[in-house]
Each structure stands twice: as C-alpha cells, then as structure tokens.
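*Asks:* So that you have it, the file is query.cif, and it contains mmCIF, C-alpha atoms, pLDDT in the B column; chains and numbers go by the auth columns:
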```
data_entry
#
loop_
_atom_site.group_PDB
_atom_site.id
_atom_site.type_symbol
_atom_site.label_atom_id
_atom_site.label_comp_id
_atom_site.label_asym_id
_atom_site.label_seq_id
_atom_site.Cartn_x
_atom_site.Cartn_y
_atom_site.Cartn_z
_atom_site.B_iso_or_equiv
_atom_site.auth_seq_id
_atom_site.auth_asym_id
ATOM 1 C CA MET A 1 -13.138 -21.069 7.790 58.00 1 A
ATOM 2 C CA ASN A 2 -11.685 -19.074 10.675 70.00 2 A
ATOM 3 C CA THR A 3 -11.406 -20.837 13.986 84.00 3 A
ATOM 4 C CA LEU A 4 -10.692 -19.651 17.503 88.00 4 A
ATOM 5 C CA THR A 5 -7.879 -20.784 19.734 90.00 5 A
ATOM 6 C CA PRO A 6 -8.698 -21.291 23.448 91.00 6 A
ATOM 7 C CA LYS A 7 -6.802 -18.129 24.327 92.00 7 A
ATOM 8 C CA GLU A 8 -8.760 -16.073 21.807 92.00 8 A
ATOM 9 C CA HIS A 9 -11.955 -17.582 23.162 93.00 9 A
ATOM 10 C CA VAL A 10 -11.073 -16.565 26.722 94.00 10 A
ATOM 11 C CA TYR A 11 -10.190 -13.031 25.616 94.00 11 A
ATOM 12 C CA LEU A 12 -13.421 -12.700 23.652 95.00 12 A
ATOM 13 C CA GLU A 13 -15.535 -13.924 26.568 95.00 13 A
ATOM 14 C CA GLU A 14 -13.818 -11.535 28.946 95.00 14 A
ATOM 15 C CA ALA A 15 -14.272 -8.694 26.447 96.00 15 A
ATOM 16 C CA LEU A 16 -17.963 -9.520 26.057 96.00 16 A
ATOM 17 C CA ARG A 17 -18.449 -9.550 29.820 97.00 17 A
ATOM 18 C CA LEU A 18 -16.800 -6.149 30.153 96.00 18 A
ATOM 19 C CA GLU A 19 -18.594 -4.621 27.170 96.00 19 A
ATOM 20 C CA ASN A 20 -21.935 -5.733 28.616 96.00 20 A
ATOM 21 C CA LEU A 21 -20.986 -4.275 31.990 96.00 21 A
ATOM 22 C CA CYS A 22 -20.041 -1.055 30.224 95.00 22 A
ATOM 23 C CA VAL A 23 -23.341 -0.892 28.316 96.00 23 A
ATOM 24 C CA ALA A 24 -25.231 -1.369 31.593 96.00 24 A
ATOM 25 C CA LYS A 25 -23.192 1.346 33.271 95.00 25 A
ATOM 26 C CA TYR A 26 -23.679 3.798 30.401 95.00 26 A
ATOM 27 C CA ASN A 27 -27.439 3.238 30.421 95.00 27 A
ATOM 28 C CA VAL A 28 -27.826 3.476 34.210 95.00 28 A
ATOM 29 C CA TYR A 29 -25.652 6.577 34.409 94.00 29 A
ATOM 30 C CA ALA A 30 -27.399 8.194 31.437 93.00 30 A
ATOM 31 C CA ASP A 31 -30.717 7.722 33.248 92.00 31 A
ATOM 32 C CA LYS A 32 -29.338 9.241 36.443 91.00 32 A
ATOM 33 C CA CYS A 33 -27.461 12.071 34.766 88.00 33 A
ATOM 34 C CA GLN A 34 -28.927 15.504 35.447 84.00 34 A
ATOM 35 C CA ASP A 35 -27.498 17.344 32.457 86.00 35 A
ATOM 36 C CA ASP A 36 -29.346 16.648 29.180 90.00 36 A
ATOM 37 C CA ASP A 37 -26.260 17.061 26.980 89.00 37 A
ATOM 38 C CA LEU A 38 -24.295 14.629 29.106 90.00 38 A
ATOM 39 C CA LYS A 39 -27.231 12.231 29.044 91.00 39 A
ATOM 40 C CA ALA A 40 -27.300 12.282 25.223 92.00 40 A
ATOM 41 C CA ALA A 41 -23.536 11.773 25.054 92.00 41 A
ATOM 42 C CA LEU A 42 -23.751 8.774 27.379 93.00 42 A
ATOM 43 C CA PHE A 43 -26.556 7.177 25.373 93.00 43 A
ATOM 44 C CA SER A 44 -24.572 7.654 22.165 92.00 44 A
ATOM 45 C CA MET A 45 -21.502 6.016 23.711 93.00 45 A
ATOM 46 C CA SER A 46 -23.709 3.222 25.021 93.00 46 A
ATOM 47 C CA LYS A 47 -24.715 2.461 21.430 93.00 47 A
ATOM 48 C CA ASN A 48 -21.040 2.179 20.461 90.00 48 A
ATOM 49 C CA LYS A 49 -20.484 -0.305 23.251 94.00 49 A
ATOM 50 C CA ARG A 50 -23.558 -2.312 22.274 95.00 50 A
ATOM 51 C CA ARG A 51 -22.184 -2.504 18.713 94.00 51 A
ATOM 52 C CA ASN A 52 -18.872 -3.756 20.131 93.00 52 A
ATOM 53 C CA ALA A 53 -20.661 -6.423 22.155 95.00 53 A
ATOM 54 C CA ASN A 54 -22.591 -7.622 19.091 95.00 54 A
ATOM 55 C CA ARG A 55 -19.372 -7.850 17.139 94.00 55 A
ATOM 56 C CA ILE A 56 -17.810 -10.001 19.842 95.00 56 A
ATOM 57 C CA ILE A 57 -20.893 -12.252 19.926 95.00 57 A
ATOM 58 C CA GLN A 58 -20.554 -12.798 16.167 93.00 58 A
ATOM 59 C CA LEU A 59 -16.928 -13.832 16.625 92.00 59 A
ATOM 60 C CA LEU A 60 -17.770 -16.186 19.480 92.00 60 A
ATOM 61 C CA LYS A 61 -20.150 -18.089 17.208 89.00 61 A
ATOM 62 C CA GLN A 62 -17.155 -19.385 15.266 80.00 62 A
ATOM 63 C CA PRO A 63 -16.140 -22.970 16.075 76.00 63 A
ATOM 64 C CA ALA A 64 -13.080 -23.753 18.148 73.00 64 A
ATOM 65 C CA SER A 65 -9.924 -24.703 16.306 69.00 65 A
ATOM 66 C CA PRO A 66 -9.903 -28.500 15.552 64.00 66 A
ATOM 67 C CA GLN A 67 -6.395 -28.955 16.927 65.00 67 A
ATOM 68 C CA TYR A 68 -7.605 -27.707 20.325 59.00 68 A
ATOM 69 C CA SER A 69 -11.039 -29.286 20.351 54.00 69 A
ATOM 70 C CA GLN A 70 -11.482 -32.499 22.300 48.00 70 A
ATOM 71 C CA MET B 1 -11.026 14.320 51.580 43.00 71 B
ATOM 72 C CA ALA B 2 -10.897 13.874 47.810 45.00 72 B
ATOM 73 C CA ARG B 3 -14.059 11.816 47.957 45.00 73 B
ATOM 74 C CA MET B 4 -15.916 14.785 49.427 46.00 74 B
ATOM 75 C CA ASN B 5 -14.921 16.890 46.426 51.00 75 B
ATOM 76 C CA TYR B 6 -16.418 14.347 44.041 52.00 76 B
ATOM 77 C CA SER B 7 -19.783 13.813 45.760 52.00 77 B
ATOM 78 C CA ARG B 8 -20.878 17.100 47.155 55.00 78 B
ATOM 79 C CA ASN B 9 -24.631 16.579 46.774 54.00 79 B
ATOM 80 C CA ASN B 10 -25.386 13.518 48.786 60.00 80 B
ATOM 81 C CA ARG B 11 -23.430 10.814 50.516 67.00 81 B
ATOM 82 C CA ASN B 12 -25.271 7.930 48.877 73.00 82 B
ATOM 83 C CA ARG B 13 -25.731 9.443 45.459 82.00 83 B
ATOM 84 C CA LEU B 14 -23.225 9.484 42.629 86.00 84 B
ATOM 85 C CA SER B 15 -22.593 12.887 41.129 87.00 85 B
ATOM 86 C CA ASP B 16 -22.205 13.317 37.357 88.00 86 B
ATOM 87 C CA HIS B 17 -18.485 13.617 37.969 89.00 87 B
ATOM 88 C CA ASP B 18 -18.403 10.272 39.806 90.00 88 B
ATOM 89 C CA MET B 19 -20.225 8.584 36.955 92.00 89 B
ATOM 90 C CA PHE B 20 -17.881 9.929 34.306 93.00 90 B
ATOM 91 C CA LEU B 21 -14.873 8.998 36.392 93.00 91 B
ATOM 92 C CA ASP B 22 -16.147 5.438 36.779 94.00 92 B
ATOM 93 C CA LEU B 23 -16.869 5.133 33.051 95.00 93 B
ATOM 94 C CA LEU B 24 -13.427 6.449 32.169 95.00 94 B
ATOM 95 C CA THR B 25 -11.812 3.958 34.544 95.00 95 B
ATOM 96 C CA THR B 26 -13.813 1.108 33.022 95.00 96 B
ATOM 97 C CA GLU B 27 -12.843 2.172 29.500 95.00 97 B
ATOM 98 C CA LYS B 28 -9.201 2.271 30.514 96.00 98 B
ATOM 99 C CA TYR B 29 -9.434 -1.238 31.926 96.00 99 B
ATOM 100 C CA ILE B 30 -11.059 -2.522 28.728 96.00 100 B
ATOM 101 C CA ALA B 31 -8.400 -0.793 26.634 96.00 101 B
ATOM 102 C CA HIS B 32 -5.736 -2.678 28.618 95.00 102 B
ATOM 103 C CA LEU B 33 -7.506 -5.957 27.911 95.00 103 B
ATOM 104 C CA TYR B 34 -7.723 -5.212 24.176 96.00 104 B
ATOM 105 C CA ASN B 35 -4.081 -4.273 24.083 95.00 105 B
ATOM 106 C CA HIS B 36 -3.117 -7.650 25.531 94.00 106 B
ATOM 107 C CA ALA B 37 -5.555 -9.407 23.225 94.00 107 B
ATOM 108 C CA VAL B 38 -4.123 -7.755 20.086 95.00 108 B
ATOM 109 C CA LEU B 39 -0.609 -8.775 21.098 94.00 109 B
ATOM 110 C CA GLU B 40 -1.509 -12.367 21.936 93.00 110 B
ATOM 111 C CA CYS B 41 -4.101 -13.359 19.337 90.00 111 B
ATOM 112 C CA SER B 42 -2.891 -15.425 16.420 88.00 112 B
ATOM 113 C CA GLY B 43 -5.880 -15.211 14.085 88.00 113 B
ATOM 114 C CA ASP B 44 -6.014 -12.242 11.719 91.00 114 B
ATOM 115 C CA LEU B 45 -9.757 -11.732 11.949 90.00 115 B
ATOM 116 C CA VAL B 46 -9.758 -11.760 15.749 92.00 116 B
ATOM 117 C CA ARG B 47 -6.777 -9.434 15.903 93.00 117 B
ATOM 118 C CA VAL B 48 -8.330 -6.935 13.480 94.00 118 B
ATOM 119 C CA THR B 49 -11.588 -7.078 15.445 94.00 119 B
ATOM 120 C CA PHE B 50 -9.777 -6.384 18.710 95.00 120 B
ATOM 121 C CA GLN B 51 -7.952 -3.481 17.049 96.00 121 B
ATOM 122 C CA THR B 52 -11.273 -2.003 15.926 95.00 122 B
ATOM 123 C CA LEU B 53 -12.751 -2.498 19.391 95.00 123 B
ATOM 124 C CA GLN B 54 -9.670 -0.846 20.865 95.00 124 B
ATOM 125 C CA GLN B 55 -10.175 2.198 18.610 95.00 125 B
ATOM 126 C CA THR B 56 -13.821 2.514 19.645 93.00 126 B
ATOM 127 C CA THR B 57 -12.839 2.226 23.294 94.00 127 B
ATOM 128 C CA GLN B 58 -10.165 4.868 22.904 95.00 128 B
ATOM 129 C CA SER B 59 -12.521 7.277 21.146 94.00 129 B
ATOM 130 C CA ASN B 60 -15.108 6.752 23.914 93.00 130 B
ATOM 131 C CA ALA B 61 -12.453 7.417 26.554 94.00 131 B
ATOM 132 C CA GLN B 62 -11.342 10.532 24.692 94.00 132 B
ATOM 133 C CA GLN B 63 -14.913 11.795 24.511 93.00 133 B
ATOM 134 C CA LEU B 64 -15.391 11.163 28.234 93.00 134 B
ATOM 135 C CA SER B 65 -12.135 12.894 29.001 93.00 135 B
ATOM 136 C CA GLU B 66 -12.994 15.924 26.847 92.00 136 B
ATOM 137 C CA THR B 67 -16.419 16.230 28.439 91.00 137 B
ATOM 138 C CA MET B 68 -14.854 16.087 31.892 91.00 138 B
ATOM 139 C CA HIS B 69 -12.390 18.753 30.862 91.00 139 B
ATOM 140 C CA GLN B 70 -15.171 20.986 29.510 89.00 140 B
ATOM 141 C CA GLU B 71 -17.135 20.586 32.725 86.00 141 B
ATOM 142 C CA GLY B 72 -14.048 21.483 34.735 88.00 142 B
ATOM 143 C CA TRP B 73 -13.872 18.078 36.434 84.00 143 B
ATOM 144 C CA ASN B 74 -10.446 17.185 35.213 73.00 144 B
ATOM 145 C CA GLU B 75 -8.680 18.426 38.292 63.00 145 B
ATOM 146 C CA LEU B 76 -5.345 16.841 37.460 62.00 146 B
ATOM 147 C CA SER B 77 -4.995 18.778 34.230 56.00 147 B
ATOM 148 C CA LYS B 78 -5.835 21.980 36.090 57.00 148 B
ATOM 149 C CA GLN B 79 -3.067 21.318 38.566 58.00 149 B
ATOM 150 C CA GLN B 80 -0.545 20.269 35.954 57.00 150 B
ATOM 151 C CA ARG B 81 -0.763 23.372 33.824 55.00 151 B
ATOM 152 C CA PRO B 82 0.586 25.930 36.302 55.00 152 B
ATOM 153 C CA LEU B 83 3.168 23.371 37.429 51.00 153 B
ATOM 154 C CA ARG B 84 4.455 22.972 33.873 52.00 154 B
ATOM 155 C CA ASN B 85 4.558 26.721 33.360 54.00 155 B
ATOM 156 C CA SER B 86 6.357 27.278 36.604 53.00 156 B
ATOM 157 C CA LEU B 87 8.871 24.538 35.770 54.00 157 B
ATOM 158 C CA SER B 88 9.667 25.983 32.355 54.00 158 B
ATOM 159 C CA ALA B 89 9.881 29.460 33.845 53.00 159 B
ATOM 160 C CA LYS B 90 12.226 28.143 36.530 55.00 160 B
ATOM 161 C CA SER B 91 14.477 26.366 34.050 54.00 161 B
ATOM 162 C CA PHE B 92 14.564 29.471 31.877 53.00 162 B
ATOM 163 C CA LYS B 93 15.553 31.632 34.812 54.00 163 B
ATOM 164 C CA LYS B 94 18.096 29.016 35.881 56.00 164 B
ATOM 165 C CA GLY B 95 19.555 29.093 32.363 53.00 165 B
ATOM 166 C CA ILE B 96 20.024 32.822 32.527 52.00 166 B
ATOM 167 C CA ALA B 97 21.434 32.640 36.040 54.00 167 B
ATOM 168 C CA SER B 98 24.032 30.055 35.054 52.00 168 B
ATOM 169 C CA GLY B 99 25.011 32.060 31.981 51.00 169 B
ATOM 170 C CA ILE B 100 23.608 29.522 29.531 49.00 170 B
ATOM 171 C CA SER B 101 24.216 30.384 25.920 49.00 171 B
ATOM 172 C CA GLN B 102 24.773 28.693 22.592 47.00 172 B
ATOM 173 C CA THR B 103 28.113 27.374 23.820 46.00 173 B
ATOM 174 C CA ASN B 104 26.304 25.155 26.386 50.00 174 B
ATOM 175 C CA VAL B 105 24.006 23.670 23.746 49.00 175 B
ATOM 176 C CA ASN B 106 26.441 22.877 20.976 53.00 176 B
ATOM 177 C CA PRO B 107 25.273 23.526 17.444 52.00 177 B
ATOM 178 C CA GLY B 108 26.371 20.454 15.478 53.00 178 B
ATOM 179 C CA LEU B 109 26.460 19.551 11.796 55.00 179 B
ATOM 180 C CA ASN B 110 23.544 20.306 9.455 56.00 180 B
ATOM 181 C CA GLY B 111 21.892 22.633 11.904 57.00 181 B
ATOM 182 C CA THR B 112 21.509 20.014 14.658 60.00 182 B
ATOM 183 C CA TYR B 113 21.953 20.829 18.317 57.00 183 B
ATOM 184 C CA ARG B 114 23.439 18.484 20.848 58.00 184 B
ATOM 185 C CA GLY B 115 22.030 18.673 24.349 59.00 185 B
ATOM 186 C CA LYS B 116 22.304 16.509 27.441 58.00 186 B
ATOM 187 C CA SER B 117 19.489 14.183 26.398 60.00 187 B
ATOM 188 C CA GLY B 118 20.077 13.856 22.662 61.00 188 B
ATOM 189 C CA ILE B 119 20.544 15.550 19.330 58.00 189 B
ATOM 190 C CA TYR B 120 17.873 17.949 18.141 58.00 190 B
ATOM 191 C CA THR B 121 17.170 19.562 14.805 63.00 191 B
ATOM 192 C CA LYS B 122 15.929 22.685 16.546 62.00 192 B
ATOM 193 C CA PRO B 123 17.586 24.498 19.421 59.00 193 B
ATOM 194 C CA PRO B 124 15.821 24.117 22.780 58.00 194 B
ATOM 195 C CA ARG B 125 13.157 26.718 23.415 62.00 195 B
ATOM 196 C CA TYR B 126 15.031 28.470 26.186 60.00 196 B
ATOM 197 C CA VAL B 127 17.980 29.048 23.828 56.00 197 B
ATOM 198 C CA GLU B 128 15.665 30.678 21.291 57.00 198 B
ATOM 199 C CA GLN B 129 14.124 32.829 23.997 59.00 199 B
ATOM 200 C CA TYR B 130 17.509 33.781 25.358 56.00 200 B
ATOM 201 C CA ASN B 131 18.949 34.631 21.946 57.00 201 B
ATOM 202 C CA THR B 132 15.914 36.565 20.721 57.00 202 B
ATOM 203 C CA PRO B 133 16.919 40.233 20.391 59.00 203 B
ATOM 204 C CA HIS B 134 14.756 42.479 22.584 54.00 204 B
#
```
Spit out the file's structure as structure tokens when you get a sec.
*Replies:*
Amino acid sequence: MNTLTPKEHVYLEEALRLENLCVAKYNVYADKCQDDDLKAALFSMSKNKRRNANRIIQLLKQPASPQYSQ
Amino acid sequence: MARMNYSRNNRNRLSDHDMFLDLLTTEKYIAHLYNHAVLECSGDLVRVTFQTLQQTTQSNAQQLSETMHQEGWNELSKQQRPLRNSLSAKSFKKGIASGISQTNVNPGLNGTYRGKSGIYTKPPRYVEQYNTPH
C-alpha cells in the first residue's frame, strides 16, 4: 500500500488548490471570451485541468505514512 | 502604458488577451510547483503522477502560447525576431569587416571546428556564408 509523506501531502494539497483555481479561471474566461474558437479551446483545457484535479484527489485519499502519523 | 495596450476596450473589462496572459501565468506558476514536487517527492506513484500533471500543464501552456501567437498577442516574440536578425546580420558584417576567415575559426581533427565558446562539428554559420562562392 502506498502512503504519503507530510511533504507529499502538502504538495498535493497546494496542487489541488491551484488546479481548482485554474479550472475556475478557465471556465469564467471561456464564458467571457468573445471569440468562439478561443472559447472552445478554453473549455477543452478546462477539462484537462479538471482531470488533473480528480487525479490529485485520488492520491490524497491515500493514508499518511505510519512513520509520520501521530 | 503597457496596460493600455492589453485592455483597449474598457477599463474594467478584461480583454481576451488579458485572460490568456493570466492563464499562461497561472500555468507557469503551477509548472514551477510540479517541478519542485517531482524533485522532492520520495514515493514513486506520487512522483509519476506529478510528472504526468507537469506534462499536461506544459501542453496547456504551449497551446495557450500558440493561440496567443496566432492572434498576434505575443508581442515579445514579435520584437525578438527583428532583433535576432539584426544581431546576426551585424555579427556577419563585423566578421567581414575584421577579415574573419577559416583561420579565425580553426578547423580541428575529424572535421571539428574550435571557436571561442567550444568545439563544434559544423563550422559557424557566418563562416559558411562567407566561404560560399558567389
């Protein structure tokens, strides 16, 4: 069973926070974008970021390493 | 001054250019984070995941950058191109003016050339241009 060290946990949480911010930005900007091609490109990239965020969430579900847990 | 170039339409409204610039900056920041994470993580699974995330981030940034270039928003690249051309043209002219020839860039063993900054397998471009018969 894979476990996470505290450092990995901090990195993953930070990454998740930023990926979520990025998804929000992509969606808001895609809505505001005036060019239809650009809008489609932004939505497509937003999906990539959402996939990234889900991947990070899956990793964060792993338990912390026993040697670091209290 | 530069800000006015980015948001021409309205003071309180982001232009498409502004949005792409912000997204590119965010992607760059995330790429930095992933780079650190890959170097510092000890678990294989986490490291491989961060590497994959890094690749996705880089491809997104590349797509943003290409779109900006196609739309003509990449003003830095526009400015760099003539500068590069003018620099190479200047160095070429300087080479001719100072009588540069094959003796200045020494051909070494096995077809290598030794210049000021290292050993090359091909002669520098200006030497080729200079030695090309007209």
*Asks:* Could you write out as number ranges by chain the residues of chain B within 9 Å of chain A, counting all atoms listed in the file?
*Replies:* B: 84-86, 89-90, 92-93, 96-97, 100, 103-104, 106-107, 110-116, 119-120, 122-123, 126-127, 130, 133-134, 137
*Asks:* One decimal, Å: what's the distance from CA of Asn82 (chain B) over to CA of Gln132 (chain B), could you say?
*Replies:* 28.0 Å
*Asks:* Padding of 3 Å on every side, edges along x, y and z, all listed atoms of region 89-107 of chain B included: what centre and edge lengths in Å, to one decimal, does that box have, as lines of an AutoDock Vina configuration file?
*Replies:*
```
center_x = -11.7
center_y = 0.3
center_z = 30.1
size_x = 23.1
size_y = 25.3
size_z = 19.7
```
*Asks:* Work out how far CA of Lys98 (chain B) is from CA of Ala131 (chain B), in Å to one decimal.
*Replies:*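 Separating CA of Ala131 (chain B) from CA of Lys98 (chain B) is a distance of 7.3 Å.
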*Asks:* Report, in Å to a single decimal, how far apart CA of Gln124 (chain B) and CA of Ala101 (chain B) are.
*Replies:*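 Here the two named atoms are 5.9 Å from each other.
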*Asks:* Given the block above, output region 14-43 of chain A with N, CA and C atoms as a PDB file, in the first residue's frame.
*Replies:*
```pdb
ATOM      1  N   GLU A  14      -1.512  21.740  -2.180  1.00  0.00           N
ATOM      2  CA  GLU A  14      -1.234  23.001  -2.891  1.00  0.00           C
ATOM      3  C   GLU A  14      -1.590  22.847  -4.373  1.00  0.00           C
ATOM      4  N   ALA A  15      -1.216  21.695  -4.937  1.00  0.00           N
ATOM      5  CA  ALA A  15      -1.509  21.443  -6.358  1.00  0.00           C
ATOM      6  C   ALA A  15      -3.017  21.421  -6.597  1.00  0.00           C
ATOM      7  N   LEU A  16      -3.740  20.794  -5.679  1.00  0.00           N
ATOM      8  CA  LEU A  16      -5.204  20.719  -5.828  1.00  0.00           C
ATOM      9  C   LEU A  16      -5.824  22.113  -5.774  1.00  0.00           C
ATOM     10  N   ARG A  17      -5.323  22.915  -4.842  1.00  0.00           N
ATOM     11  CA  ARG A  17      -5.838  24.289  -4.709  1.00  0.00           C
ATOM     12  C   ARG A  17      -5.623  25.063  -6.015  1.00  0.00           C
ATOM     13  N   LEU A  18      -4.420  24.918  -6.569  1.00  0.00           N
ATOM     14  CA  LEU A  18      -4.106  25.661  -7.794  1.00  0.00           C
ATOM     15  C   LEU A  18      -4.861  25.117  -9.006  1.00  0.00           C
ATOM     16  N   GLU A  19      -4.997  23.794  -9.066  1.00  0.00           N
ATOM     17  CA  GLU A  19      -5.739  23.214 -10.202  1.00  0.00           C
ATOM     18  C   GLU A  19      -7.194  23.660 -10.167  1.00  0.00           C
ATOM     19  N   ASN A  20      -7.776  23.711  -8.958  1.00  0.00           N
ATOM     20  CA  ASN A  20      -9.164  24.169  -8.843  1.00  0.00           C
ATOM     21  C   ASN A  20      -9.289  25.635  -9.245  1.00  0.00           C
ATOM     22  N   LEU A  21      -8.313  26.431  -8.807  1.00  0.00           N
ATOM     23  CA  LEU A  21      -8.306  27.849  -9.204  1.00  0.00           C
ATOM     24  C   LEU A  21      -8.249  27.963 -10.725  1.00  0.00           C
ATOM     25  N   CYS A  22      -7.393  27.118 -11.308  1.00  0.00           N
ATOM     26  CA  CYS A  22      -7.202  27.143 -12.762  1.00  0.00           C
ATOM     27  C   CYS A  22      -8.489  26.747 -13.494  1.00  0.00           C
ATOM     28  N   VAL A  23      -9.161  25.710 -12.988  1.00  0.00           N
ATOM     29  CA  VAL A  23     -10.418  25.274 -13.609  1.00  0.00           C
ATOM     30  C   VAL A  23     -11.428  26.424 -13.570  1.00  0.00           C
ATOM     31  N   ALA A  24     -11.513  27.087 -12.403  1.00  0.00           N
ATOM     32  CA  ALA A  24     -12.448  28.207 -12.261  1.00  0.00           C
ATOM     33  C   ALA A  24     -12.106  29.316 -13.250  1.00  0.00           C
ATOM     34  N   LYS A  25     -10.815  29.611 -13.364  1.00  0.00           N
ATOM     35  CA  LYS A  25     -10.399  30.672 -14.279  1.00  0.00           C
ATOM     36  C   LYS A  25     -10.740  30.316 -15.723  1.00  0.00           C
ATOM     37  N   TYR A  26     -10.416  29.074 -16.104  1.00  0.00           N
ATOM     38  CA  TYR A  26     -10.703  28.644 -17.485  1.00  0.00           C
ATOM     39  C   TYR A  26     -12.192  28.772 -17.788  1.00  0.00           C
ATOM     40  N   ASN A  27     -13.035  28.348 -16.838  1.00  0.00           N
ATOM     41  CA  ASN A  27     -14.476  28.388 -17.091  1.00  0.00           C
ATOM     42  C   ASN A  27     -15.000  29.833 -17.167  1.00  0.00           C
ATOM     43  N   VAL A  28     -14.543  30.665 -16.217  1.00  0.00           N
ATOM     44  CA  VAL A  28     -15.004  32.065 -16.215  1.00  0.00           C
ATOM     45  C   VAL A  28     -14.549  32.766 -17.492  1.00  0.00           C
ATOM     46  N   TYR A  29     -13.278  32.557 -17.850  1.00  0.00           N
ATOM     47  CA  TYR A  29     -12.752  33.236 -19.033  1.00  0.00           C
ATOM     48  C   TYR A  29     -13.390  32.700 -20.313  1.00  0.00           C
ATOM     49  N   ALA A  30     -13.678  31.395 -20.330  1.00  0.00           N
ATOM     50  CA  ALA A  30     -14.335  30.826 -21.521  1.00  0.00           C
ATOM     51  C   ALA A  30     -15.718  31.446 -21.700  1.00  0.00           C
ATOM     52  N   ASP A  31     -16.410  31.678 -20.580  1.00  0.00           N
ATOM     53  CA  ASP A  31     -17.732  32.320 -20.665  1.00  0.00           C
ATOM     54  C   ASP A  31     -17.629  33.748 -21.194  1.00  0.00           C
ATOM     55  N   LYS A  32     -16.561  34.439 -20.748  1.00  0.00           N
ATOM     56  CA  LYS A  32     -16.437  35.860 -21.120  1.00  0.00           C
ATOM     57  C   LYS A  32     -15.804  36.064 -22.486  1.00  0.00           C
ATOM     58  N   CYS A  33     -15.179  35.013 -23.003  1.00  0.00           N
ATOM     59  CA  CYS A  33     -14.416  35.150 -24.243  1.00  0.00           C
ATOM     60  C   CYS A  33     -15.362  35.461 -25.418  1.00  0.00           C
ATOM     61  N   GLN A  34     -14.930  36.364 -26.279  1.00  0.00           N
ATOM     62  CA  GLN A  34     -15.809  36.775 -27.377  1.00  0.00           C
ATOM     63  C   GLN A  34     -15.647  35.899 -28.612  1.00  0.00           C
ATOM     64  N   ASP A  35     -14.484  35.340 -28.783  1.00  0.00           N
ATOM     65  CA  ASP A  35     -14.213  34.505 -29.960  1.00  0.00           C
ATOM     66  C   ASP A  35     -14.640  33.060 -29.674  1.00  0.00           C
ATOM     67  N   ASP A  36     -15.429  32.473 -30.585  1.00  0.00           N
ATOM     68  CA  ASP A  36     -15.950  31.118 -30.333  1.00  0.00           C
ATOM     69  C   ASP A  36     -14.852  30.053 -30.330  1.00  0.00           C
ATOM     70  N   ASP A  37     -13.870  30.208 -31.220  1.00  0.00           N
ATOM     71  CA  ASP A  37     -12.770  29.228 -31.257  1.00  0.00           C
ATOM     72  C   ASP A  37     -11.985  29.246 -29.948  1.00  0.00           C
ATOM     73  N   LEU A  38     -11.713  30.456 -29.485  1.00  0.00           N
ATOM     74  CA  LEU A  38     -10.959  30.595 -28.231  1.00  0.00           C
ATOM     75  C   LEU A  38     -11.769  30.018 -27.071  1.00  0.00           C
ATOM     76  N   LYS A  39     -13.064  30.254 -27.122  1.00  0.00           N
ATOM     77  CA  LYS A  39     -13.957  29.742 -26.074  1.00  0.00           C
ATOM     78  C   LYS A  39     -13.874  28.209 -26.023  1.00  0.00           C
ATOM     79  N   ALA A  40     -13.934  27.579 -27.201  1.00  0.00           N
ATOM     80  CA  ALA A  40     -13.876  26.106 -27.252  1.00  0.00           C
ATOM     81  C   ALA A  40     -12.533  25.601 -26.735  1.00  0.00           C
ATOM     82  N   ALA A  41     -11.462  26.309 -27.124  1.00  0.00           N
ATOM     83  CA  ALA A  41     -10.124  25.903 -26.670  1.00  0.00           C
ATOM     84  C   ALA A  41     -10.022  25.989 -25.154  1.00  0.00           C
ATOM     85  N   LEU A  42     -10.585  27.057 -24.584  1.00  0.00           N
ATOM     86  CA  LEU A  42     -10.516  27.229 -23.129  1.00  0.00           C
ATOM     87  C   LEU A  42     -11.321  26.154 -22.399  1.00  0.00           C
ATOM     88  N   PHE A  43     -12.485  25.808 -22.934  1.00  0.00           N
ATOM     89  CA  PHE A  43     -13.285  24.760 -22.305  1.00  0.00           C
ATOM     90  C   PHE A  43     -12.555  23.421 -22.352  1.00  0.00           C
TER      91      PHE A  43
END
```
